[in-house]
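These notes are about the structure you will find just below.
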Amino acid sequence: MAATATGIYHRSYRSELALRHTQAEYARLTLAAAVVVAVPFVATPYWQTVANQIGIAVVGAIGLNILTGYTGQISLGQGGFLAVGAYTSAILVERLGAPTLVGVVAAILMTAAVGAFFGLPALRLKGLYLAIATLASQFIILYAVRNWEFVTGGVQALVVGTPTLFGFELNTDFRWYWVILACAAAATVAGTNLFRTGLGRAFMAIRDQDIAAEAVGVNTVTYKVLAFAVSSGFVGLAGALTAHWTTIVTWERFTLDVSILYLAMIIVGGLGSVSGSIYGAVFMIVVPAWITQVAQDLRGQLSFLARELPAIQLGVFGLIIILFLIFEPRGLARIWHRMKDYVRLWPFRY
């Protein structure tokens, strides 16, 4: 089917259910895959580290978008759920001697259970009240991490050994890149296909109007808790990857700032869009990294940049969110769709 076709017409259910419908879509997917594969071969060590941060952020952002963008349940406890995943996997691997894969799977399940528990207020609360309830989960989890010394070690950092996969020791960013990329790709495929199932459609029905959803037979009680569980499972995977990649787990990595950062990712990328989660993660990780790189390059000429770097990053961070909320609330995903429509319909304006 040509990229400039006047419409997309289907002659079978199989064609209608396909994720890609035009040759242009397949071409863009192939190009994106080629770029992703080429990144670790051409990037400097600094940007390889940034690429790994992006991969982990993609997994967590997709999880949060499932809850907030697709189900309409806001959460400010992302940092706490990341901590649950990181500490669960690290403790099982380092203290109990479990294989790394077992620790990661256990982190996903444990974080899903904790997320479901803290999602119970969603049965009675909405909007700002639910946000405050999930914000409480952030502080409760971090309080437990800092004070439950027998299990977490308290404020002391928990050191994690370097894992081995298929005989290869994951001791470089280059090797970790492929592991994180595989996890990010799996999260993307799972998130995309989730909303082609009855479970995902129930989530979206609750987002659009929970009373109407209940009227047509959707058990809103069950599905709201499931939304928190599924979302937290993705976040638990991101937390486990963070623990084993950095090899140091400390509560300082999972503060409220992290929760706000992930919320900014899905706002900038686009609520209710798996691709928007990817765009937002890339944007919100690359921009601070680029500012840091520029400040280091200009340190000799403009020394005040190095001194004011944290303030500059926070200022840019806030400005970006404000601009997107004012001019494009649907985020980068919507901008990308507009660009594709412009090219597809050119020279016409409709």
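Every chain in the structure tokens has a letter given in the order shown (A, B, ...), and although residue numbers restart at 1 in each chain, ligands are simply numbered from 1 in the order shown.
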
Next item on the list: Mind the document's chain letters and residue numbers, and return as a count of residues only the residues of range 176-310 of chain A that DSSP labels alpha helix (DSSP H).
Entry: 109

Next item on the list: Fewer than 4 positions away in the same chain doesn't count, so skip those; otherwise give me all residues within 12 Å of Arg175 in chain A, counting only C-alpha atoms, as a VMD selection string.
Entry: chain A and resid 40 to 41 48 to 49 52 162 to 171 179 to 182 245

Notebook entry, point to check: So which residues touch Trp290 in chain A within 12 Å, counting only C-alpha atoms, skipping near sequence neighbours fewer than 6 positions away, as number ranges by chain?
Noted result: A: 46-47, 50, 282-284, 296-297, 309, 312-313, 316

Check: Closest to Val235 in chain A among A:Tyr262, A:Trp251, A:Tyr177, A:Tyr70, using only C-alpha atoms?
Finding: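 Counting only C-alpha atoms, the residue closest to Val235 in chain A is A:Tyr262.
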
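We find CA of Gly119 in chain A and CA of Ala106 in chain A to be spaced 19.5 Å apart.
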
Checklist line | Residue with smallest distance to Phe203 in chain A - pool A:Ile285, A:Leu158, A:Leu67, A:Val258, counting only C-alpha atoms | finding: A:Leu67

Item checked: All residues 9 Å or closer to Leu237 in chain A, only C-alpha atoms, same chain fewer than 4 positions away omitted, as a ChimeraX atom specification -> /A:56,59-60,82,85-86,104-105,107-108,111,183,232-233,241-242

Print the selection's residues with C-alpha atoms to a file, as a PDB file, in the first residue's frame.
```pdb
ATOM      1  CA  ILE A  56      15.574   1.957  31.456  1.00  0.00           C
ATOM      2  CA  VAL A  59      10.436   0.733  30.455  1.00  0.00           C
ATOM      3  CA  GLY A  60       9.361   2.839  33.438  1.00  0.00           C
ATOM      4  CA  LEU A  82      11.405   1.767  41.330  1.00  0.00           C
ATOM      5  CA  GLY A  85      12.063  -3.368  42.241  1.00  0.00           C
ATOM      6  CA  ALA A  86      15.699  -2.407  42.758  1.00  0.00           C
ATOM      7  CA  VAL A 104      14.468  -9.634  38.197  1.00  0.00           C
ATOM      8  CA  VAL A 105      11.290 -11.718  37.889  1.00  0.00           C
ATOM      9  CA  ALA A 107      11.227  -7.739  41.470  1.00  0.00           C
ATOM     10  CA  ILE A 108       8.495  -7.487  38.832  1.00  0.00           C
ATOM     11  CA  THR A 111       6.490  -4.390  42.700  1.00  0.00           C
ATOM     12  CA  CYS A 183      13.985  -5.237  27.844  1.00  0.00           C
ATOM     13  CA  SER A 232       4.058  -1.293  38.713  1.00  0.00           C
ATOM     14  CA  GLY A 233       5.306  -4.533  37.161  1.00  0.00           C
ATOM     15  CA  LEU A 241      17.704  -3.056  35.678  1.00  0.00           C
ATOM     16  CA  THR A 242      18.843   0.086  37.494  1.00  0.00           C
TER      17      THR A 242
END
```

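Nearest residue to Thr188 in chain A among A:Ser137, A:Asn147, A:Asn65, A:Gln73 is A:Asn65, counting only C-alpha atoms.
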
Check: For Val58 in chain A, which residue out of A:Ser89, A:Ser275, A:Thr30, A:Gln293 is the nearest one, using only C-alpha atoms?
Finding: A:Ser275

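Among the candidate residues A:Asp208, A:Ala264, A:Ala24, A:Lys340, the one lying nearest to Leu323 in chain A is A:Ala264, with distances computed using only C-alpha atoms.
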
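Among the candidates A:Gln53, A:Trp336, A:Asn219, A:Gly191, the one nearest to Thr246 in chain A when counting only C-alpha atoms is A:Gln53.
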